[in-house]
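To start, the structure under review is shown below, and the notes come after it.
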Number of protein chains: 2
Amino acid sequence: MASVTIRDVAKKAGVGVGTVSRVINQSPSVSLATREKVLSAIAELKYTPSPIARRLSLGKTMTIGVITPFFTRSSYIERLRGVESVLSQSEYDFIIYNVETVERRDKYFREIPRRERIDGLMIMSLPPTDEDTWRFAESEVPTVLVDAAHPSLSRVVIDDVDGGYKAAMHLIELGHRKIGYISDYMKDSPFHFTPVQERYQGYRNALADAGIEYNSDYYKQGELNEQEAQRLAKEVLSLPDPPTAIFAYSDTQAFGVLRAAQEMGVEVPEKLSVIGYDDIELAEYLQLTTIRQSLYQSGVRGAQLLLEQLDEPFPEPKEILLTTKLVVRSTTAPPCC
Amino acid sequence: MASVTIRDVAKKAGVGVGTVSRVINQSPSVSLATREKVLSAIAELKYTPSPIARRLSLGKTMTIGVITPFFTRSSYIERLRGVESVLSQSEYDFIIYNVETVERRDKYFREIPRRERIDGLMIMSLPPTDEDTWRFAESEVPTVLVDAAHPSLSRVVIDDVDGGYKAAMHLIELGHRKIGYISDYMKDSPFHFTPVQERYQGYRNALADAGIEYNSDYYKQGELNEQEAQRLAKEVLSLPDPPTAIFAYSDTQAFGVLRAAQEMGVEVPEKLSVIGYDDIELAEYLQLTTIRQSLYQSGVRGAQLLLEQLDEPFPEPKEILLTTKLVVRSTTAPPCC
DNA sequence: CTGTTAGCGCGTTCAC
DNA sequence: GTGAACGCGCTAACAG
């Protein structure tokens with residue numbers, strides 16, 4: 001029952017272990033005859049090379065680590081699915097490190113990026129600090145960021161300025177002039193890259209391009225959840241001169257807006273247009289107009305990028321920019337009455 | 001830059017590698033003094049043991065494999081989250097093998113259960129054949145099934161007979177006598193354990209207990225998706241004497257029923273009661289009455305069970321039976337008019 | 001208590 | 001082309 005090793009195969013085939021190793025690794029310098037012998041010995045013994053031993057000898061772990069927050073949320077699942085689709089075709093295993101608390105993030109940022117543990121690291125939506133990246137560099141583990149950015153790290157990001165612009169512009173083209181925006185909190189960030197800032201920027205740009213004056217009463221920030229968005233939407237809709245359209249930072253928040261409108265008896269899309277962002281599953285279900293991010297694609301591209309960089313001895317930080325797409329459904333319409 | 005090894009630490013601390021190994025592995029037989037020395041050497045050198053080398057030496061891989069279909073679906077995510085919560089506390093890594101096709105399942109069933117690869121295996125919702133289990137046994141990799149069963153394997157299963165019973169009985173207690181059931185296809189299975197059969201059984205039992213005659217016109221099977229369920233629901237609702245309540249095999253299918261009712265102008269719950277199964281996220285959102293499975297719990301229990309069996313030299317197949325819970329929301333009501 | 005040594009299973013020189 | 005020997009980093013068994 002003791003698992004069969006390369007040595008057993010060698011003995012059975014009447015060759016040296018080196019030769020067996022060569023045929024396994026497709027080395028060209030093996031005569032056809034011996035190759036055959038070895039192959040049949042392998043088959044008879046049902047031999048499978050030990051990945052562990054292989055890794056130790058190779059000095060590579062053949063596994064990729066993925067650090068992701070809330071891997072249970074649909075947006076992360078989508079990205080992970082993209083990652084899985086490419087990694088499962090490669091010979092790399094991948095293991096998910098799920099972070100739900102700051103402590104966990106810190107722990108993982110400290111412990112995971114080690115050559116002894118993984119060959120490559122992917123981090124989703126968790127912008128590293130300068131100090132973090134410094135440590136990553138020191139560990140020499142190729143790293144790529146997905147949905148986060150840092151100048152010294154490879155990354156695949158969504159063009160959120162453009163996405164925010166598209167959302168606002170859709171509303172504008174419909175004829176709206178009074179456009180609210182309910183956003184996630186805009187935290188201060190050392191890098192001017194966060195989606196929050198970018199979408200806001202896109203929103204502002206669109207208004208500017210259309211010659212619409214920005215009205216700060218229409219702009220609200222709050223926690224990224226439905227309840228909070230609902231509360232904020234009510235505030236905005238209670239204004240003496242309420243907006244005729246609202247752009248929500250995320251689909252989840254858009255649902256909050258929808259609920260607020262419903263409670264206040266404001267018809268959508270007749271009296272109020274609502275557009276979200278992300279295009280999560282529920283969005284289609286509820287026929288929400290939204291901006292689609294290619295979440296799946298970002299996972300795919302991230303994994304591909306990482307795989308590439310694994311081979312390069314000294315990978316240059318590279319940026320892949322993904323674009324968004326407007327998906328018109330039934331929560332937006334021209335302002336009426 | 002070459003990573004620091006146990007030998008470096010030993011040299012720096014002026015001790016043998018064995019001693020270093022001992023302090024790392026918390027062996028009690030090390031004097032406090034030397035332990036201190038070693039510890040500080042480790043700290044200075046920023047030494048981290050190589051998991052790979054450790055595994056090779058130990059003869060254990062310290063990783064658990066989880067084979068799951070469609071890990072992207074909310075029900076699997078829930079289970080995986082449970083698994084993750086216990087495994088991340090252990091020293092085991094875990095890697096997910098996602099199967100979306102039969103080929104992949106076969107491939108994984110063949111390649112993954114190997115001592116050289118993993119120490120323990122968890123399989124979700126994929127009932128193995130006798131031949132499979134035979135191979136699993138041969139590989140000597142402790143295996144536990146979650147949401148699937150085989151007499152020779154440890155497993156955590158949901159009491160689906162009871163769940164189906166609860167669903168139907170809820171409808172009955174509300175006063176319904178004409179109760180439809182839209183099910184997944186009932187494939188033939190060598191084991192009489194599948195959820196499909198069990199829920200159906202529960203449904204039948206409830207009818208029998210209430211003295212209601214079974215009407216085969218009310219029973220439909222189809223693909224497990226919304227569209228198909230919608231189609232089936234329309235058929236049933238078009239009957240000359242349509243049911244006043246429908247039990248759907250899954251929440252997803254229940255949504256199809258809801259949609260069918262909506263299209264046909266049948267009000268829910270006034271004219272038609274609908275109950276689903278699973279209690280996925282969307283269910284709460286849409287206020288669907290349903291049967292809650294403790295998906296998360298089943299992941300937790302499965303992982304715990306596996307961890308236990310890892311230590312036992314010759315683990316007995318064990319079964320953990322989880323119960324369901326009726327969650328009443330607003331799609332069920334007494335039959336009216 | 002602690003240093004030394006022999007593997008764990010494989011990839012890889014090096015001579016043959 | 002091919003076999004033998006060494007090393008990857010660590011644990012465990014054995015002396016001392």
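Letters A, B, ... go to the chains of the structure tokens in the order shown; residues in each chain start at 1; ligands are counted from 1 in the same order.
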Which of segment 101-280 of chain A DSSP labels helix (DSSP H, G or I), written as a ChimeraX atom specification: /A:102-111,130-139,160-174,195-209,216-218,226-237,251-263
Compute the set of chain A residues within 10 Å of chain C, using only C-alpha atoms (C1' of nucleotides), and express it as an mmCIF file with N, CA and C atoms, in the first residue's frame.
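The resulting file, iface_26.cif, is reproduced below:
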data_model
loop_
_atom_site.group_PDB
_atom_site.id
_atom_site.type_symbol
_atom_site.label_atom_id
_atom_site.label_comp_id
_atom_site.auth_asym_id
_atom_site.auth_seq_id
_atom_site.Cartn_x
_atom_site.Cartn_y
_atom_site.Cartn_z
ATOM 1 N N VAL A 4 3.751 3.917 -4.565
ATOM 2 C CA VAL A 4 4.848 3.546 -5.444
ATOM 3 C C VAL A 4 5.629 4.784 -5.868
ATOM 4 N N THR A 5 6.938 4.670 -5.771
ATOM 5 C CA THR A 5 7.798 5.814 -6.065
ATOM 6 C C THR A 5 8.504 5.650 -7.405
ATOM 7 N N ILE A 6 9.221 6.665 -7.726
ATOM 8 C CA ILE A 6 9.934 6.673 -8.993
ATOM 9 C C ILE A 6 10.945 5.524 -9.038
ATOM 10 N N ARG A 7 11.410 5.172 -7.876
ATOM 11 C CA ARG A 7 12.414 4.112 -7.797
ATOM 12 C C ARG A 7 11.820 2.759 -8.196
ATOM 13 N N VAL A 17 16.596 5.891 -12.093
ATOM 14 C CA VAL A 17 15.540 6.845 -11.764
ATOM 15 C C VAL A 17 15.618 8.093 -12.635
ATOM 16 N N GLY A 18 16.836 8.456 -12.963
ATOM 17 C CA GLY A 18 17.024 9.634 -13.800
ATOM 18 C C GLY A 18 16.242 9.500 -15.089
ATOM 19 N N SER A 21 12.568 9.933 -14.574
ATOM 20 C CA SER A 21 12.306 11.351 -14.419
ATOM 21 C C SER A 21 12.280 12.034 -15.779
ATOM 22 N N ARG A 22 13.194 11.645 -16.629
ATOM 23 C CA ARG A 22 13.253 12.259 -17.960
ATOM 24 C C ARG A 22 11.993 11.999 -18.776
ATOM 25 N N ASN A 25 9.166 14.090 -17.491
ATOM 26 C CA ASN A 25 9.261 15.505 -17.829
ATOM 27 C C ASN A 25 9.496 15.756 -19.302
ATOM 28 N N PRO A 49 3.622 10.636 -9.865
ATOM 29 C CA PRO A 49 4.694 11.360 -9.186
ATOM 30 C C PRO A 49 4.152 12.109 -7.973
ATOM 31 N N SER A 50 4.911 12.187 -6.955
ATOM 32 C CA SER A 50 4.511 12.946 -5.770
ATOM 33 C C SER A 50 4.717 14.435 -6.004
ATOM 34 N N PRO A 51 3.638 15.175 -6.019
ATOM 35 C CA PRO A 51 3.760 16.619 -6.238
ATOM 36 C C PRO A 51 4.670 17.263 -5.199
ATOM 37 N N ILE A 52 4.525 16.828 -3.984
ATOM 38 C CA ILE A 52 5.317 17.425 -2.913
ATOM 39 C C ILE A 52 6.807 17.284 -3.154
ATOM 40 N N ALA A 53 7.214 16.074 -3.398
ATOM 41 C CA ALA A 53 8.640 15.838 -3.619
ATOM 42 C C ALA A 53 9.113 16.640 -4.817
ATOM 43 N N ARG A 54 8.269 16.660 -5.806
ATOM 44 C CA ARG A 54 8.572 17.385 -7.018
ATOM 45 C C ARG A 54 8.783 18.864 -6.700
ATOM 46 N N ARG A 55 7.916 19.371 -5.908
ATOM 47 C CA ARG A 55 7.991 20.780 -5.561
ATOM 48 C C ARG A 55 9.246 21.104 -4.764
ATOM 49 N N LEU A 56 9.536 20.229 -3.839
ATOM 50 C CA LEU A 56 10.715 20.464 -3.013
ATOM 51 C C LEU A 56 11.950 20.489 -3.899
ATOM 52 N N SER A 57 12.017 19.520 -4.778
ATOM 53 C CA SER A 57 13.173 19.417 -5.653
ATOM 54 C C SER A 57 13.257 20.598 -6.619
ATOM 55 N N LEU A 58 12.097 20.966 -7.130
ATOM 56 C CA LEU A 58 12.028 22.063 -8.096
ATOM 57 C C LEU A 58 12.257 23.418 -7.437
ATOM 58 N N GLY A 59 11.929 23.474 -6.160
ATOM 59 C CA GLY A 59 12.012 24.755 -5.494
ATOM 60 C C GLY A 59 10.818 25.619 -5.816
#
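Selecting chain D residues within 6 Å of chain B and counting only C-alpha atoms (C1' of nucleotides) yields DG9, DC10 and DT11 of chain D.
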Write to file, as a CSV table (one decimal), in the first residue's frame, the residues of the selection just made, with N, CA and C atoms (P, O5', C5', C4', C3', O3' and C1' of nucleotides).
chain,number,residue,atom,x,y,z
D,9,DG,P,16.7,24.7,0.5
D,9,DG,O5',15.9,24.3,1.7
D,9,DG,C5',14.5,24.4,1.7
D,9,DG,C4',13.9,23.6,2.8
D,9,DG,C3',14.5,23.9,4.2
D,9,DG,O3',13.4,24.2,5.0
D,9,DG,C1',14.5,21.6,3.8
D,10,DC,P,13.5,24.3,6.6
D,10,DC,O5',13.0,22.9,7.1
D,10,DC,C5',11.6,22.5,6.7
D,10,DC,C4',11.4,21.0,7.1
D,10,DC,C3',11.5,20.8,8.6
D,10,DC,O3',10.3,20.4,9.1
D,10,DC,C1',12.7,19.1,7.3
D,11,DT,P,10.1,20.3,10.7
D,11,DT,O5',10.1,18.7,10.8
D,11,DT,C5',9.2,17.9,10.1
D,11,DT,C4',9.4,16.4,10.4
D,11,DT,C3',9.4,16.0,11.8
D,11,DT,O3',8.6,14.8,11.9
D,11,DT,C1',11.4,15.4,10.9
Go through chain A residue by residue and, counting only C-alpha atoms, keep those with an atom at most 9 Å from chain B; for each kept residue give the shortest atom pair and its distance in Å to one decimal, ordered by chain and increasing number, as a tab-separated table.
residue	atom	partner	partner_atom	distance
A:Met1	CA	B:Glu138	CA	8.3
A:Ser3	CA	B:Arg115	CA	7.9
A:Thr48	CA	B:Glu116	CA	8.2
A:Pro49	CA	B:Glu116	CA	7.9
A:Ser50	CA	B:Glu116	CA	5.2
A:Pro51	CA	B:Glu116	CA	6.6
A:Ile52	CA	B:Leu56	CA	6.0
A:Ala53	CA	B:Leu56	CA	6.1
A:Arg55	CA	B:Ile52	CA	7.1
A:Leu56	CA	B:Ile52	CA	6.0
A:Thr61	CA	B:Ile52	CA	7.2
A:Phe71	CA	B:Arg81	CA	8.3
A:Thr72	CA	B:Ile77	CA	6.0
A:Arg73	CA	B:Ile77	CA	8.8
A:Ser74	CA	B:Ser74	CA	8.2
A:Ile77	CA	B:Thr72	CA	6.0
A:Glu78	CA	B:Thr72	CA	7.3
A:Leu80	CA	B:Thr72	CA	8.5
A:Arg81	CA	B:Thr72	CA	6.8
A:Glu84	CA	B:Asn98	CA	8.0
A:Ser88	CA	B:Tyr97	CA	8.3
A:Asp93	CA	B:Ile95	CA	7.3
A:Phe94	CA	B:Ile95	CA	6.4
A:Ile95	CA	B:Ile95	CA	5.1
A:Ile96	CA	B:Ile95	CA	7.3
A:Tyr97	CA	B:Ser88	CA	8.3
A:Asn98	CA	B:Glu84	CA	8.0
A:Arg114	CA	B:Thr48	CA	8.7
A:Arg115	CA	B:Ser3	CA	7.9
A:Glu116	CA	B:Ser50	CA	5.0
A:Arg117	CA	B:Pro51	CA	6.5
A:Glu138	CA	B:Met1	CA	8.5
A:Ser139	CA	B:Met1	CA	8.6
A:Glu140	CA	B:Met1	CA	8.9
A:Leu282	CA	B:Leu282	CA	7.7
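The two atoms in question, atom CA of Ile67 of chain B and atom CA of Leu121 of chain A, are spaced 22.5 Å apart.
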Enumerate the residues of segment 42-201 of chain B with a DSSP assignment of strand (DSSP E), computed from the backbone, and present them as a PDB file with N, CA and C atoms, in the first residue's frame.
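Everything below was put into part38.pdb:
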ATOM      1  N   THR B  63      -3.033  19.329   3.233  1.00  0.00           N
ATOM      2  CA  THR B  63      -4.078  20.024   2.497  1.00  0.00           C
ATOM      3  C   THR B  63      -5.279  19.122   2.278  1.00  0.00           C
ATOM      4  N   ILE B  64      -6.411  19.758   2.231  1.00  0.00           N
ATOM      5  CA  ILE B  64      -7.668  19.061   2.058  1.00  0.00           C
ATOM      6  C   ILE B  64      -8.264  19.450   0.716  1.00  0.00           C
ATOM      7  N   GLY B  65      -8.725  18.482   0.005  1.00  0.00           N
ATOM      8  CA  GLY B  65      -9.344  18.773  -1.284  1.00  0.00           C
ATOM      9  C   GLY B  65     -10.852  18.796  -1.162  1.00  0.00           C
ATOM     10  N   VAL B  66     -11.472  19.729  -1.831  1.00  0.00           N
ATOM     11  CA  VAL B  66     -12.926  19.786  -1.831  1.00  0.00           C
ATOM     12  C   VAL B  66     -13.413  19.758  -3.277  1.00  0.00           C
ATOM     13  N   ILE B  67     -14.099  18.704  -3.614  1.00  0.00           N
ATOM     14  CA  ILE B  67     -14.643  18.628  -4.964  1.00  0.00           C
ATOM     15  C   ILE B  67     -16.089  19.083  -4.916  1.00  0.00           C
ATOM     16  N   THR B  68     -16.398  20.105  -5.671  1.00  0.00           N
ATOM     17  CA  THR B  68     -17.748  20.634  -5.637  1.00  0.00           C
ATOM     18  C   THR B  68     -18.220  21.040  -7.028  1.00  0.00           C
ATOM     19  N   PRO B  69     -19.475  20.791  -7.338  1.00  0.00           N
ATOM     20  CA  PRO B  69     -19.995  21.238  -8.620  1.00  0.00           C
ATOM     21  C   PRO B  69     -20.371  22.701  -8.510  1.00  0.00           C
ATOM     22  N   ASP B  93      -4.431  23.557   4.597  1.00  0.00           N
ATOM     23  CA  ASP B  93      -4.859  24.372   3.477  1.00  0.00           C
ATOM     24  C   ASP B  93      -6.023  23.651   2.845  1.00  0.00           C
ATOM     25  N   PHE B  94      -6.815  24.357   2.083  1.00  0.00           N
ATOM     26  CA  PHE B  94      -7.803  23.599   1.333  1.00  0.00           C
ATOM     27  C   PHE B  94      -7.940  24.151  -0.065  1.00  0.00           C
ATOM     28  N   ILE B  95      -8.080  23.237  -0.981  1.00  0.00           N
ATOM     29  CA  ILE B  95      -8.162  23.685  -2.346  1.00  0.00           C
ATOM     30  C   ILE B  95      -9.432  23.132  -2.984  1.00  0.00           C
ATOM     31  N   ILE B  96     -10.065  24.003  -3.732  1.00  0.00           N
ATOM     32  CA  ILE B  96     -11.371  23.691  -4.301  1.00  0.00           C
ATOM     33  C   ILE B  96     -11.216  23.151  -5.718  1.00  0.00           C
ATOM     34  N   TYR B  97     -11.821  22.026  -5.963  1.00  0.00           N
ATOM     35  CA  TYR B  97     -11.854  21.500  -7.314  1.00  0.00           C
ATOM     36  C   TYR B  97     -13.266  21.669  -7.842  1.00  0.00           C
ATOM     37  N   ASN B  98     -13.413  22.569  -8.755  1.00  0.00           N
ATOM     38  CA  ASN B  98     -14.726  22.911  -9.259  1.00  0.00           C
ATOM     39  C   ASN B  98     -15.094  22.046 -10.458  1.00  0.00           C
ATOM     40  N   VAL B  99     -16.246  21.407 -10.413  1.00  0.00           N
ATOM     41  CA  VAL B  99     -16.622  20.616 -11.580  1.00  0.00           C
ATOM     42  C   VAL B  99     -17.889  21.144 -12.210  1.00  0.00           C
ATOM     43  N   GLY B 120      -7.042  14.606   2.938  1.00  0.00           N
ATOM     44  CA  GLY B 120      -8.450  14.336   3.169  1.00  0.00           C
ATOM     45  C   GLY B 120      -9.266  14.892   2.019  1.00  0.00           C
ATOM     46  N   LEU B 121     -10.401  14.275   1.788  1.00  0.00           N
ATOM     47  CA  LEU B 121     -11.218  14.694   0.660  1.00  0.00           C
ATOM     48  C   LEU B 121     -12.655  14.945   1.093  1.00  0.00           C
ATOM     49  N   MET B 122     -13.201  16.025   0.581  1.00  0.00           N
ATOM     50  CA  MET B 122     -14.612  16.293   0.813  1.00  0.00           C
ATOM     51  C   MET B 122     -15.289  16.400  -0.548  1.00  0.00           C
ATOM     52  N   ILE B 123     -16.398  15.746  -0.679  1.00  0.00           N
ATOM     53  CA  ILE B 123     -17.114  15.795  -1.950  1.00  0.00           C
ATOM     54  C   ILE B 123     -18.519  16.314  -1.708  1.00  0.00           C
ATOM     55  N   MET B 124     -18.903  17.288  -2.470  1.00  0.00           N
ATOM     56  CA  MET B 124     -20.227  17.857  -2.284  1.00  0.00           C
ATOM     57  C   MET B 124     -21.193  17.486  -3.399  1.00  0.00           C
ATOM     58  N   THR B 143     -12.413  10.294   3.400  1.00  0.00           N
ATOM     59  CA  THR B 143     -13.339  11.034   2.550  1.00  0.00           C
ATOM     60  C   THR B 143     -14.652  11.277   3.263  1.00  0.00           C
ATOM     61  N   VAL B 144     -15.192  12.464   3.132  1.00  0.00           N
ATOM     62  CA  VAL B 144     -16.538  12.683   3.618  1.00  0.00           C
ATOM     63  C   VAL B 144     -17.382  13.337   2.541  1.00  0.00           C
ATOM     64  N   LEU B 145     -18.606  12.883   2.495  1.00  0.00           N
ATOM     65  CA  LEU B 145     -19.573  13.391   1.527  1.00  0.00           C
ATOM     66  C   LEU B 145     -20.442  14.433   2.215  1.00  0.00           C
ATOM     67  N   VAL B 146     -20.731  15.490   1.488  1.00  0.00           N
ATOM     68  CA  VAL B 146     -21.675  16.466   2.002  1.00  0.00           C
ATOM     69  C   VAL B 146     -22.791  16.577   0.973  1.00  0.00           C
ATOM     70  N   SER B 154     -18.269   8.297   5.054  1.00  0.00           N
ATOM     71  CA  SER B 154     -18.794   9.244   6.030  1.00  0.00           C
ATOM     72  C   SER B 154     -19.520  10.349   5.295  1.00  0.00           C
ATOM     73  N   ARG B 155     -20.520  10.917   5.945  1.00  0.00           N
ATOM     74  CA  ARG B 155     -21.319  11.888   5.214  1.00  0.00           C
ATOM     75  C   ARG B 155     -22.111  12.795   6.147  1.00  0.00           C
ATOM     76  N   VAL B 156     -22.404  13.972   5.668  1.00  0.00           N
ATOM     77  CA  VAL B 156     -23.362  14.794   6.378  1.00  0.00           C
ATOM     78  C   VAL B 156     -24.473  15.078   5.391  1.00  0.00           C
ATOM     79  N   VAL B 157     -25.646  14.690   5.800  1.00  0.00           N
ATOM     80  CA  VAL B 157     -26.787  14.819   4.906  1.00  0.00           C
ATOM     81  C   VAL B 157     -27.924  15.569   5.573  1.00  0.00           C
ATOM     82  N   ILE B 158     -28.756  16.100   4.740  1.00  0.00           N
ATOM     83  CA  ILE B 158     -29.920  16.811   5.236  1.00  0.00           C
ATOM     84  C   ILE B 158     -31.081  15.829   5.263  1.00  0.00           C
ATOM     85  N   ILE B 179     -52.377  20.204  -3.832  1.00  0.00           N
ATOM     86  CA  ILE B 179     -50.999  20.674  -3.718  1.00  0.00           C
ATOM     87  C   ILE B 179     -50.109  20.116  -4.813  1.00  0.00           C
ATOM     88  N   GLY B 180     -49.615  21.001  -5.646  1.00  0.00           N
ATOM     89  CA  GLY B 180     -48.734  20.579  -6.727  1.00  0.00           C
ATOM     90  C   GLY B 180     -47.294  20.444  -6.245  1.00  0.00           C
ATOM     91  N   TYR B 181     -46.526  19.705  -6.989  1.00  0.00           N
ATOM     92  CA  TYR B 181     -45.099  19.583  -6.650  1.00  0.00           C
ATOM     93  C   TYR B 181     -44.282  19.629  -7.922  1.00  0.00           C
ATOM     94  N   ILE B 182     -43.404  20.602  -8.008  1.00  0.00           N
ATOM     95  CA  ILE B 182     -42.533  20.722  -9.174  1.00  0.00           C
ATOM     96  C   ILE B 182     -41.135  20.352  -8.743  1.00  0.00           C
ATOM     97  N   SER B 183     -40.661  19.274  -9.291  1.00  0.00           N
ATOM     98  CA  SER B 183     -39.426  18.665  -8.812  1.00  0.00           C
ATOM     99  C   SER B 183     -38.301  18.715  -9.838  1.00  0.00           C
ATOM    100  N   ASP B 184     -37.135  18.423  -9.368  1.00  0.00           N
ATOM    101  CA  ASP B 184     -36.005  18.168 -10.246  1.00  0.00           C
ATOM    102  C   ASP B 184     -36.263  16.789 -10.852  1.00  0.00           C
TER     103      ASP B 184
END
Neighbour list for DT2 of chain D as number ranges by chain, cut-off 10 Å, only C-alpha atoms (C1' of nucleotides), skip fewer than 5 positions in-chain: A: 15-19, 29-31, 34; C: 16
Could those residues be written to a file, using C-alpha atoms (C1' of nucleotides), as a compact mmCIF listing (two decimals), in the first residue's frame?
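What landed in result18.txt:
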# COMPACT_ATOMS: atom_id res chain seq x y z
CA VAL A 15 16.51 1.66 -15.82
CA GLY A 16 17.77 4.40 -13.54
CA VAL A 17 15.54 6.85 -11.76
CA GLY A 18 17.02 9.63 -13.80
CA THR A 19 15.62 8.09 -16.93
CA SER A 29 16.90 12.74 -24.85
CA VAL A 30 15.41 9.35 -24.24
CA SER A 31 15.38 6.59 -26.81
CA THR A 34 13.39 2.85 -23.15
C1' DC C 16 30.28 6.86 -18.61
